[in-house]
$ cat target-v9.tsv   # TSV, C-alpha atoms
chain	number	residue	atom	x	y	z
Y	18	MET	CA	0.00	0.00	0.00
Y	19	LYS	CA	2.82	2.39	0.92
Y	20	LYS	CA	4.46	1.50	-2.37
Y	21	TYR	CA	1.38	2.67	-4.34
Y	22	THR	CA	1.09	5.78	-2.18
Y	23	TRP	CA	4.66	6.84	-3.01
Y	24	ILE	CA	4.07	6.09	-6.68
Y	25	GLY	CA	0.97	8.32	-6.59
Y	26	ILE	CA	2.88	11.14	-4.91
Y	27	ALA	CA	5.64	10.83	-7.53
Y	28	TYR	CA	3.11	11.15	-10.39
Y	29	ILE	CA	1.54	14.23	-8.74
Y	30	CYS	CA	4.98	15.89	-8.37
Y	31	LEU	CA	5.80	15.06	-11.99
Y	32	PHE	CA	2.48	16.58	-13.15
Y	33	VAL	CA	3.10	19.80	-11.15
Y	34	LEU	CA	6.64	20.07	-12.52
Y	35	LEU	CA	5.41	19.54	-16.08
Y	36	ALA	CA	2.67	22.16	-15.66
Y	37	PHE	CA	5.18	24.69	-14.27
Y	38	THR	CA	7.54	23.98	-17.16
Y	39	LEU	CA	4.79	24.47	-19.76
Y	40	LYS	CA	3.72	27.75	-18.13
Y	41	SER	CA	7.33	28.97	-18.07
Y	42	THR	CA	7.78	27.98	-21.71
Y	43	ALA	CA	4.59	29.81	-22.72
Y	44	GLU	CA	5.76	32.95	-20.92
Y	45	ASN	CA	9.14	32.71	-22.64
Y	46	ILE	CA	7.49	32.32	-26.05
Y	47	LYS	CA	5.33	35.37	-25.29
Y	48	MET	CA	8.41	37.34	-24.31
Y	49	ASN	CA	10.23	36.18	-27.44
Y	50	ARG	CA	7.47	37.64	-29.57
Y	51	GLN	CA	7.76	40.94	-27.74
Y	52	GLY	CA	11.52	41.00	-28.07
Y	53	MET	CA	14.52	39.02	-26.78
Y	54	THR	CA	18.21	39.80	-26.79
Y	55	LYS	CA	19.45	37.99	-29.83
Y	56	GLU	CA	21.56	38.91	-32.83
Y	57	VAL	CA	19.21	39.00	-35.81
Y	58	ASN	CA	20.32	40.34	-39.21
Y	59	GLY	CA	23.22	42.10	-37.55
Y	60	ARG	CA	21.03	43.98	-35.06
Y	61	GLU	CA	20.30	43.41	-31.38
Y	62	SER	CA	16.75	43.74	-30.09
Y	63	VAL	CA	16.37	44.24	-26.35
Y	64	VAL	CA	14.01	42.30	-24.08
Y	65	LYS	CA	10.94	44.42	-23.37
Y	66	ASP	CA	7.62	43.70	-21.66
Y	67	LYS	CA	5.91	45.62	-24.43
Y	68	MET	CA	6.85	47.53	-27.57
Y	69	LYS	CA	8.35	50.90	-26.82
Y	70	GLU	CA	6.42	53.92	-28.03
Y	71	VAL	CA	8.17	57.15	-28.97
Y	72	VAL	CA	6.05	60.30	-29.09
Y	73	ILE	CA	7.34	63.06	-31.34
Y	74	LYS	CA	6.03	66.52	-30.60
Y	75	GLY	CA	5.93	68.91	-33.49
Y	76	ASN	CA	4.62	69.25	-37.03
Y	77	ILE	CA	5.03	66.16	-39.20
Y	78	SER	CA	4.71	66.78	-42.93
Y	79	LYS	CA	2.06	64.78	-44.76
Y	80	ASP	CA	4.40	64.07	-47.69
Y	81	LEU	CA	7.24	62.99	-45.39
Y	82	SER	CA	9.79	60.57	-46.88
Y	83	PRO	CA	13.59	60.06	-46.79
Y	84	PHE	CA	13.70	62.43	-49.76
Y	85	MET	CA	11.11	64.99	-48.66
Y	86	TYR	CA	11.18	66.67	-45.24
Y	87	LYS	CA	10.46	70.16	-43.97
Y	88	THR	CA	10.28	70.43	-40.19
Y	89	GLN	CA	12.60	69.60	-37.30
Y	90	ALA	CA	10.12	66.91	-36.23
Y	91	ASP	CA	10.43	65.38	-39.73
Y	92	ARG	CA	14.20	65.13	-39.35
Y	93	TYR	CA	13.95	63.72	-35.82
Y	94	LEU	CA	11.67	60.93	-37.03
Y	95	LEU	CA	13.76	60.19	-40.14
Y	96	ASN	CA	17.01	60.13	-38.14
Y	97	MET	CA	15.65	57.22	-36.11
Y	98	CYS	CA	14.21	55.29	-39.06
Y	99	TYR	CA	16.96	55.67	-41.66
Y	100	GLY	CA	20.72	55.38	-41.54
Y	101	ASN	CA	22.57	58.57	-42.38
Y	102	LEU	CA	26.12	58.89	-43.66
Y	103	THR	CA	26.87	61.39	-40.91
Y	104	ASP	CA	26.19	61.40	-37.17
Y	105	THR	CA	23.17	63.31	-35.87
Y	106	GLU	CA	21.81	64.00	-32.40
Y	107	ASP	CA	19.28	61.20	-32.77
Y	108	SER	CA	21.26	58.47	-34.54
Y	109	GLU	CA	24.70	57.11	-35.32
Y	110	SER	CA	26.14	57.10	-38.81
Y	111	ILE	CA	26.08	53.80	-40.70
Y	112	CYS	CA	29.62	54.65	-41.89
Y	113	LYS	CA	32.65	52.93	-40.45
Y	114	SER	CA	34.86	55.73	-41.76
Y	115	ILE	CA	35.03	58.68	-44.15
Y	116	THR	CA	38.51	59.66	-45.32
Y	117	SER	CA	39.74	62.24	-47.80
Y	118	SER	CA	42.83	62.67	-49.97
Y	119	TYR	CA	43.75	65.66	-52.12
Y	120	ASP	CA	45.35	65.45	-55.57
Y	121	LYS	CA	47.08	68.81	-55.94
Y	122	GLU	CA	47.99	68.30	-59.59
Y	123	ARG	CA	44.37	67.69	-60.66
Y	124	ASN	CA	42.82	69.84	-57.87
Y	125	ILE	CA	40.52	66.98	-56.89
Y	126	THR	CA	39.61	65.67	-53.43
Y	127	ARG	CA	38.57	62.04	-53.07
Y	128	TYR	CA	36.09	61.25	-50.28
Y	129	LYS	CA	36.17	57.56	-49.40
Y	130	ILE	CA	33.00	56.36	-47.65
Y	131	THR	CA	33.15	52.95	-45.98
Y	132	LEU	CA	30.02	51.38	-44.49
Y	133	LYS	CA	29.93	49.50	-41.21
Y	134	ASP	CA	29.76	45.72	-41.47
Y	135	ASN	CA	26.38	43.94	-41.49
Y	136	ILE	CA	24.16	46.99	-42.05
Y	137	MET	CA	20.68	45.62	-42.70
Y	138	THR	CA	17.21	46.91	-43.52
Y	139	SER	CA	14.30	46.06	-41.25
Y	140	SER	CA	13.22	43.44	-43.82
Y	141	GLY	CA	16.61	41.74	-43.65
Y	142	SER	CA	18.38	42.80	-46.85
Y	143	ALA	CA	22.02	43.90	-46.67
Y	144	ILE	CA	23.00	47.51	-47.38
Y	145	THR	CA	26.02	47.65	-49.67
Y	146	ALA	CA	27.94	50.10	-51.85
Y	147	ASP	CA	25.38	49.54	-54.63
Y	148	ASP	CA	22.63	50.96	-52.40
Y	149	VAL	CA	24.79	54.02	-51.64
Y	150	ILE	CA	25.49	54.57	-55.35
Y	151	PHE	CA	21.75	54.27	-56.13
Y	152	ASN	CA	21.02	56.94	-53.49
Y	153	TYR	CA	23.61	59.31	-54.97
Y	154	TYR	CA	22.33	58.88	-58.52
Y	155	VAL	CA	18.77	59.65	-57.39
Y	156	ARG	CA	19.94	62.88	-55.72
Y	157	CYS	CA	22.16	63.84	-58.65
Y	158	ASP	CA	19.47	63.27	-61.28
Y	159	LEU	CA	18.20	66.32	-63.16
Y	160	ASP	CA	14.64	65.37	-62.22
Y	161	TYR	CA	15.37	65.30	-58.47
Y	162	ASP	CA	13.48	68.02	-56.62
Y	163	GLY	CA	13.67	66.61	-53.10
Y	164	CYS	CA	15.64	67.78	-50.07
Y	165	GLY	CA	19.39	67.71	-49.56
Y	166	ASP	CA	22.35	69.30	-51.34
Y	167	ALA	CA	24.35	66.27	-52.50
Y	168	GLY	CA	23.47	67.06	-56.12
Y	169	SER	CA	24.89	70.60	-55.81
Y	170	VAL	CA	28.41	69.37	-55.03
Y	171	PRO	CA	30.87	69.76	-57.97
Y	172	ILE	CA	31.36	66.01	-58.41
Y	173	ILE	CA	33.72	65.19	-61.28
Y	174	GLY	CA	31.73	64.32	-64.40
Y	175	LEU	CA	28.34	65.37	-62.97
Y	176	LYS	CA	27.79	68.16	-65.50
Y	177	GLN	CA	28.74	65.88	-68.39
Y	178	TYR	CA	26.30	63.26	-67.07
Y	179	HIS	CA	23.52	65.84	-66.85
Y	180	TYR	CA	24.20	67.04	-70.38
Y	181	GLY	CA	24.80	63.52	-71.70
Y	182	VAL	CA	27.88	64.61	-73.66
Y	183	SER	CA	31.59	65.02	-72.96
Y	184	ASP	CA	31.72	68.53	-74.45
Y	185	ALA	CA	29.59	70.36	-71.88
Y	186	SER	CA	30.76	73.80	-73.05
Y	187	ALA	CA	29.07	73.37	-76.45
Y	188	VAL	CA	25.75	72.52	-74.76
Y	189	ASP	CA	26.16	75.51	-72.40
Y	190	LYS	CA	26.33	77.81	-75.42
Y	191	LYS	CA	23.16	76.32	-76.90
Y	192	ILE	CA	21.31	76.69	-73.60
Y	193	HIS	CA	22.41	80.31	-73.19
Y	194	LYS	CA	21.29	81.16	-76.72
Y	195	MET	CA	17.93	79.43	-76.29
Y	196	ILE	CA	17.15	81.26	-73.02
Y	197	LYS	CA	18.34	84.66	-74.29
Y	198	LYS	CA	16.15	84.53	-77.41
Y	199	PRO	CA	13.44	81.92	-76.86
Y	200	ASP	CA	11.24	81.04	-79.80
Y	201	LYS	CA	7.44	80.96	-79.36
Y	202	LYS	CA	7.40	77.24	-78.56
Y	203	PHE	CA	10.00	77.62	-75.81
Y	204	GLN	CA	8.24	80.74	-74.45
Y	205	GLU	CA	5.06	78.68	-73.98
Y	206	GLN	CA	7.05	75.86	-72.34
Y	207	ILE	CA	8.48	78.34	-69.82
Y	208	ARG	CA	5.02	79.72	-69.08
Y	209	GLN	CA	3.41	76.30	-68.63
Y	210	ASN	CA	6.24	74.45	-66.84
Y	211	VAL	CA	7.85	77.23	-64.79
Y	212	ILE	CA	5.59	80.28	-64.39
Y	213	LYS	CA	2.26	78.47	-64.03
Y	214	LYS	CA	3.62	75.76	-61.69
Y	215	ALA	CA	5.25	78.42	-59.52
Y	216	LEU	CA	1.93	80.29	-59.27
Y	217	GLU	CA	0.09	77.08	-58.34
Y	218	LYS	CA	2.54	76.64	-55.49
Y	219	GLN	CA	2.01	80.24	-54.39
Y	220	TYR	CA	-1.75	79.74	-54.36
Y	221	LEU	CA	-1.32	76.98	-51.75
Y	222	TRP	CA	0.67	79.47	-49.67
Y	223	VAL	CA	-2.14	82.02	-50.00
Y	224	CYS	CA	-4.69	79.45	-48.78
Y	225	SER	CA	-2.54	78.71	-45.72
Y	226	LEU	CA	-2.79	82.35	-44.60
Y	227	TYR	CA	-6.45	81.87	-43.66
Y	228	LYS	CA	-5.40	79.41	-40.95
Y	229	ASN	CA	-3.14	81.92	-39.22
Y	230	LYS	CA	-4.74	84.67	-37.09
Y	231	LYS	CA	-1.83	87.06	-37.54
Y	232	TYR	CA	-2.88	87.46	-41.19
Y	233	ASN	CA	-6.47	88.40	-40.32
Y	234	TYR	CA	-5.76	91.99	-41.34
Y	235	ILE	CA	-5.49	90.88	-44.98
Y	236	THR	CA	-7.67	87.73	-45.05
Y	237	ASP	CA	-10.61	89.66	-43.59
Y	238	LYS	CA	-10.28	92.14	-46.43
Y	239	TYR	CA	-10.13	89.39	-49.04
Y	240	SER	CA	-12.50	86.66	-47.85
Y	241	LYS	CA	-11.98	84.58	-51.00
Y	242	SER	CA	-8.55	83.00	-51.58
Y	243	ARG	CA	-8.66	83.66	-55.33
Y	244	ASP	CA	-9.04	87.42	-54.68
Y	245	LEU	CA	-6.16	87.43	-52.20
Y	246	PHE	CA	-4.08	85.54	-54.76
Y	247	VAL	CA	-4.82	88.21	-57.35
Y	248	TYR	CA	-3.86	90.92	-54.84
Y	249	PHE	CA	-0.43	89.35	-54.33
Y	250	PHE	CA	0.48	88.07	-57.80
Y	251	ALA	CA	-1.51	89.75	-60.60
Y	252	TYR	CA	0.99	91.64	-62.75
Y	253	ASN	CA	-1.90	93.58	-64.25
Y	254	THR	CA	-3.38	95.42	-61.26
Y	255	GLY	CA	-6.69	95.90	-63.07
Y	256	TYR	CA	-7.36	92.16	-63.29
Y	257	ARG	CA	-10.54	90.89	-61.59
Y	258	ALA	CA	-11.27	87.27	-60.66
Y	259	LYS	CA	-15.06	87.63	-60.30
Y	260	GLY	CA	-16.94	84.74	-61.88
Y	261	LYS	CA	-13.76	82.72	-62.55
Y	262	ASP	CA	-12.51	79.55	-60.88
Y	263	ILE	CA	-8.96	79.39	-59.52
Y	264	ASP	CA	-7.60	77.36	-62.45
Y	265	LYS	CA	-8.73	80.07	-64.85
Y	266	VAL	CA	-7.30	82.79	-62.58
Y	267	ILE	CA	-3.89	81.11	-62.35
Y	268	ASP	CA	-3.78	80.56	-66.11
Y	269	ASP	CA	-4.73	84.20	-66.79
Y	270	ILE	CA	-2.09	85.55	-64.42
Y	271	SER	CA	0.58	83.24	-65.85
Y	272	LYS	CA	-0.15	84.78	-69.28
Y	273	GLN	CA	0.49	88.21	-67.80
Y	274	TYR	CA	4.05	87.14	-66.99
Y	275	SER	CA	4.36	85.18	-70.24
Y	276	TYR	CA	7.86	83.61	-70.34
Y	277	LYS	CA	9.49	86.41	-68.31
Y	278	TYR	CA	10.28	84.39	-65.19
Y	279	LYS	CA	12.56	87.09	-63.75
Y	280	LYS	CA	9.52	89.33	-63.24
Y	281	LEU	CA	7.95	86.61	-61.12
Y	282	GLU	CA	11.21	86.20	-59.19
Y	283	LYS	CA	10.91	89.82	-58.03
Y	284	VAL	CA	7.40	89.13	-56.71
Y	285	THR	CA	8.01	85.76	-55.00
Y	286	GLY	CA	11.65	86.19	-53.98
Y	287	GLU	CA	12.42	82.77	-55.44
Y	288	SER	CA	14.77	81.79	-58.27
Y	289	TYR	CA	13.57	79.96	-61.38
Y	290	GLY	CA	16.69	80.18	-63.54
Y	291	SER	CA	17.81	76.60	-62.91
Y	292	LYS	CA	14.37	75.27	-63.87
Y	293	VAL	CA	14.41	77.23	-67.13
Y	294	LYS	CA	17.91	75.93	-67.82
Y	295	LYS	CA	16.76	72.32	-67.25
Y	296	LEU	CA	13.84	72.95	-69.58
Y	297	ALA	CA	16.21	74.19	-72.28
Y	298	LEU	CA	18.49	71.19	-71.79
Y	299	SER	CA	15.54	68.82	-72.06
Y	300	ARG	CA	14.57	70.39	-75.36
Y	301	ILE	CA	18.12	70.02	-76.69
Y	302	GLN	CA	18.29	66.39	-75.63
Y	303	SER	CA	14.94	65.58	-77.25
Y	304	SER	CA	16.29	66.58	-80.65
Y	305	LYS	CA	16.79	63.74	-83.14
Y	306	LYS	CA	20.31	65.02	-83.81
Y	307	PHE	CA	21.34	64.73	-80.15
Y	308	LYS	CA	23.56	61.76	-79.30
Y	309	CYS	CA	24.23	60.83	-75.67
Y	310	ASP	CA	27.79	59.58	-75.09
Y	311	VAL	CA	28.04	59.79	-71.27
Y	312	ALA	CA	26.30	57.04	-69.30
Y	313	SER	CA	27.61	57.57	-65.77
Y	314	ILE	CA	29.07	60.09	-63.31
Y	315	ARG	CA	32.83	59.68	-63.52
Y	316	GLY	CA	33.41	60.92	-59.97
Y	317	ILE	CA	31.22	58.27	-58.28
Y	318	GLN	CA	32.95	54.90	-58.15
Y	319	LYS	CA	32.43	51.61	-56.31
Y	320	TYR	CA	35.66	50.68	-54.52
Y	321	ASP	CA	34.41	47.41	-53.00
Y	322	ASP	CA	31.13	45.99	-51.68
Y	323	ASN	CA	31.25	48.28	-48.63
Y	324	THR	CA	33.05	51.33	-50.02
Y	325	VAL	CA	32.23	54.18	-52.41
Y	326	CYS	CA	34.70	56.85	-53.60
Y	327	ILE	CA	33.51	60.30	-54.66
Y	328	ASP	CA	35.85	62.68	-56.49
Y	329	VAL	CA	35.06	66.37	-56.07
Y	330	LYS	CA	36.69	69.41	-57.66
Y	331	GLY	CA	38.70	71.55	-55.22
Y	332	LYS	CA	40.33	71.10	-51.82
Y	333	TYR	CA	38.76	69.35	-48.86
Y	334	SER	CA	35.85	71.28	-47.38
Y	335	GLN	CA	33.79	70.45	-44.31
Y	336	LYS	CA	30.73	71.99	-45.99
Y	337	THR	CA	31.24	69.77	-49.04
Y	338	LEU	CA	31.52	66.71	-46.81
Y	339	GLU	CA	28.32	67.65	-44.99
Y	340	LYS	CA	26.44	68.09	-48.26
Y	341	LEU	CA	27.69	64.73	-49.53
Y	342	CYS	CA	26.95	62.78	-46.37
Y	343	ASP	CA	23.77	64.32	-45.00
Y	344	ILE	CA	21.57	61.85	-46.88
Y	345	TYR	CA	19.30	59.04	-45.74
Y	346	ILE	CA	20.30	55.71	-47.24
Y	347	VAL	CA	17.34	53.71	-48.54
Y	348	PRO	CA	17.60	50.24	-50.12
Y	349	LEU	CA	17.67	49.85	-53.88
Y	350	ASP	CA	15.39	46.81	-53.76
Y	351	LYS	CA	12.60	48.80	-52.06
Y	352	TRP	CA	12.84	52.24	-53.67
Y	353	GLY	CA	14.42	51.48	-57.02
Y	354	ASP	CA	14.25	48.79	-59.71
Y	355	THR	CA	16.96	46.13	-59.38
Y	356	GLY	CA	16.32	45.17	-63.00
Y	357	LEU	CA	17.51	48.64	-64.01
Y	358	TYR	CA	20.75	48.48	-62.02
Y	359	ASN	CA	24.12	47.28	-63.28
Y	360	GLY	CA	26.34	49.91	-61.64
Y	361	TYR	CA	27.86	51.04	-64.97
Y	362	THR	CA	25.20	52.46	-67.28
Y	363	SER	CA	22.02	51.96	-65.28
Y	364	PHE	CA	21.43	52.84	-61.63
Y	365	GLY	CA	18.04	51.59	-60.47
Y	366	PHE	CA	15.68	53.94	-62.34
Y	367	LYS	CA	15.33	55.54	-65.73
Y	368	ARG	CA	17.72	58.44	-66.16
Y	369	GLY	CA	15.92	61.77	-65.81
Y	370	ASP	CA	13.07	60.14	-63.87
Y	371	ALA	CA	14.08	60.47	-60.21
Y	372	GLY	CA	10.47	61.41	-59.55
Y	373	SER	CA	9.48	57.76	-59.99
Y	374	VAL	CA	11.64	57.01	-56.94
Y	375	ILE	CA	11.00	59.92	-54.61
Y	376	ASN	CA	7.23	59.96	-55.19
Y	377	LYS	CA	6.73	56.37	-54.04
Y	378	GLN	CA	4.36	55.95	-51.12
Y	379	ASN	CA	3.77	53.39	-48.37
Y	380	VAL	CA	7.17	51.73	-48.79
Y	381	SER	CA	7.62	49.22	-45.96
Y	382	GLY	CA	10.53	47.18	-44.64
Y	383	ASP	CA	13.01	49.76	-45.96
Y	384	GLU	CA	14.24	51.20	-42.65
Y	385	THR	CA	18.02	51.25	-42.22
Y	386	GLY	CA	17.93	52.84	-38.76
Y	387	LYS	CA	16.88	51.48	-35.37
Y	388	TYR	CA	13.13	52.00	-35.65
Y	389	TYR	CA	10.19	51.04	-37.82
Y	390	LYS	CA	8.07	53.89	-39.11
Y	391	PRO	CA	4.34	53.27	-38.67
Y	392	ASP	CA	2.93	55.07	-41.71
Y	393	PHE	CA	4.19	58.34	-43.14
Y	394	ASN	CA	1.00	58.95	-45.12
Y	395	GLY	CA	-1.87	57.69	-42.99
Y	396	HIS	CA	-2.07	60.47	-40.41
Y	397	ASP	CA	-4.95	60.27	-37.96
Y	398	ASP	CA	-6.48	63.00	-35.78
Y	399	LYS	CA	-3.76	62.69	-33.15
Y	400	THR	CA	-0.94	63.21	-35.61
Y	401	SER	CA	-2.56	66.30	-37.10
Y	402	SER	CA	-2.29	67.94	-33.68
Y	403	GLY	CA	1.47	67.42	-33.68
Y	404	LEU	CA	1.87	64.00	-32.02
Y	405	TYR	CA	3.35	61.10	-33.94
Y	406	ASN	CA	3.74	57.61	-32.45
Y	407	LEU	CA	6.70	55.52	-33.48
Y	408	SER	CA	7.45	51.93	-32.39
Y	409	PRO	CA	10.94	50.39	-32.40
Y	410	ILE	CA	11.95	47.27	-34.31
Y	411	ILE	CA	11.05	44.11	-32.37
Y	412	TYR	CA	12.30	40.88	-33.96
Y	413	ASN	CA	10.03	37.85	-33.53
Y	414	LEU	CA	12.09	34.74	-33.02
Y	415	PRO	CA	11.05	31.47	-34.72
$ encode --input "target-v9.tsv" --output "structure tokens"
Amino acid sequence: MKKYTWIGIAYICLFVLLAFTLKSTAENIKMNRQGMTKEVNGRESVVKDKMKEVVIKGNISKDLSPFMYKTQADRYLLNMCYGNLTDTEDSESICKSITSSYDKERNITRYKITLKDNIMTSSGSAITADDVIFNYYVRCDLDYDGCGDAGSVPIIGLKQYHYGVSDASAVDKKIHKMIKKPDKKFQEQIRQNVIKKALEKQYLWVCSLYKNKKYNYITDKYSKSRDLFVYFFAYNTGYRAKGKDIDKVIDDISKQYSYKYKKLEKVTGESYGSKVKKLALSRIQSSKKFKCDVASIRGIQKYDDNTVCIDVKGKYSQKTLEKLCDIYIVPLDKWGDTGLYNGYTSFGFKRGDAGSVINKQNVSGDETGKYYKPDFNGHDDKTSSGLYNLSPIIYNLP
């Protein structure tokens, strides 16, 4: 009898131990899903009871992306989500080193950018020199109208790449002649593509004035935005917008300026010369006689899988380095087209069409920083008041 009693007690103890073990295992699995310290894709995720939430106070732009940002809050958010080539207050650079060497004879400085080992995106793809080159070509494309100054740096061969020919001076002469004495077709192109688009942008600014009380002195006087727009931008002071929609008003006022963009510059305080120059270049390149003989930027070279060299005219400059390296690195496989990349003549998108890259929306799994972004485009009521919630990367273990 005692024998059976002890056997029964042993089974009970075994059952309790098994139940405790299963409970402990379940809790561990739950914790694993929330985040455990483990090296995954070259990153370390820290054990947390729940996902961390970061609240960003400030104005977040609705068109926010690694290529488009306006406010300090935009930059703070992007610094956490995307790797930068330079250190910021909110994130570390993804570079292992950036060195420079000056060639006095050629008056060229070479900036050598080496990435850290095992840099990964949140979806698990490796970031290599090819991704860096893709990012530079996007920002150096003639069609790029996003943020950052990398494309303004005098990189060797950049002008020839823009023009598509080795003899850039000959194209410069054609552009100068075309702008100085534009024919009727080019005059209309300037009006439609420069003057009118600039006025459309200014109309959005006029509409924003009604949301700011400090402009009540003028918005109370002009209760309709089209009339306030006419007040600011009509070159002909006798123009009246009564009975016309805003599209008609903008078109009418653009005709008042015609192709004379410098008159509009005096009104808006902005410069449109570079846009007119690009328009002239585009017209030259569309000619049947034009032959493109430059397929790449000579000053941007892949040194190895982790290193890119950029040759720039002139001596080393801290400002030049900042312009080159203050860029968010996004993966080619998410933002570009890998089928259009060979690193020699094609760089992840059609030349002259950087807009196809920077205008992409709802790109996911592309983060190269320490945090996931929730959704840059789907703002709710809370975000419109200046609060933006951001959760860190939590790796779920198998």
$ residues_near_point --input "target-v9.tsv" --point "(37.3, 58.1, -45.6)" --cutoff "6 Å" --atoms "all atoms listed in the file" --output "list in words"
Ser114, Ile115, Thr116, Ser117, Tyr128, Lys129 and Ile130 of chain Y
$ residues_around --input "target-v9.tsv" --residues "Leu95 (chain Y)" --least-positions-apart "4" --cutoff "7 Å" --atoms "all atoms listed in the file" --output "ChimeraX atom specification"
/Y:83,91,99
$ closest_residue --input "target-v9.tsv" --among "Y:Gly365, Y:Asp269, Y:Asn379, Y:Gly386" --to "Asp350 (chain Y)" --atoms "all atoms listed in the file"
Y:Gly365
$ closest_residue --input "target-v9.tsv" --among "Y:Gln302, Y:Ser271, Y:Ser240, Y:Thr324" --to "Val182 (chain Y)" --atoms "all atoms listed in the file"
Y:Gln302
$ atom_distance --input "target-v9.tsv" --atom1 "CA of Tyr333 (chain Y)" --atom2 "CA of Ile173 (chain Y)"
14.0 Å
$ atom_distance --input "target-v9.tsv" --atom1 "CA of Arg368 (chain Y)" --atom2 "CA of Ser139 (chain Y)"
28.0 Å
$ closest_atom_pairs --input "target-v9.tsv" --of "region 362-386 of chain Y" --to "region 70-81 of chain Y" --cutoff "12 Å" --atoms "all atoms listed in the file" --output "Markdown table"
| residue | atom | partner | partner_atom | distance |
| --- | --- | --- | --- | --- |
| Y:Ile375 | CA | Y:Leu81 | CA | 10.4 |
| Y:Asn376 | CA | Y:Asp80 | CA | 9.0 |
| Y:Lys377 | CA | Y:Asp80 | CA | 10.2 |
| Y:Gln378 | CA | Y:Asp80 | CA | 8.8 |
| Y:Asn379 | CA | Y:Leu81 | CA | 10.6 |
| Y:Val380 | CA | Y:Leu81 | CA | 11.8 |
$ write_last_selection --input "target-v9.tsv" --atoms "C-alpha atoms" --output "JSON list (two decimals), in the frame of the given file"
[["chain", "number", "residue", "atom", "x", "y", "z"],
["Y", 375, "ILE", "CA", 11.00, 59.92, -54.61],
["Y", 376, "ASN", "CA", 7.23, 59.96, -55.19],
["Y", 377, "LYS", "CA", 6.73, 56.37, -54.04],
["Y", 378, "GLN", "CA", 4.36, 55.95, -51.12],
["Y", 379, "ASN", "CA", 3.77, 53.39, -48.37],
["Y", 380, "VAL", "CA", 7.17, 51.73, -48.79]]
$ atom_distance --input "target-v9.tsv" --atom1 "CA of Phe364 (chain Y)" --atom2 "CA of Asp148 (chain Y)"
9.5 Å
$ residues_around --input "target-v9.tsv" --residues "Lys197 (chain Y)" --least-positions-apart "5" --cutoff "12 Å" --atoms "all atoms listed in the file" --output "list in words"
Lys190, Lys191, Ile192, Phe203, Gln204, Tyr276, Lys277, Gly290, Val293, Lys294 and Ala297 of chain Y
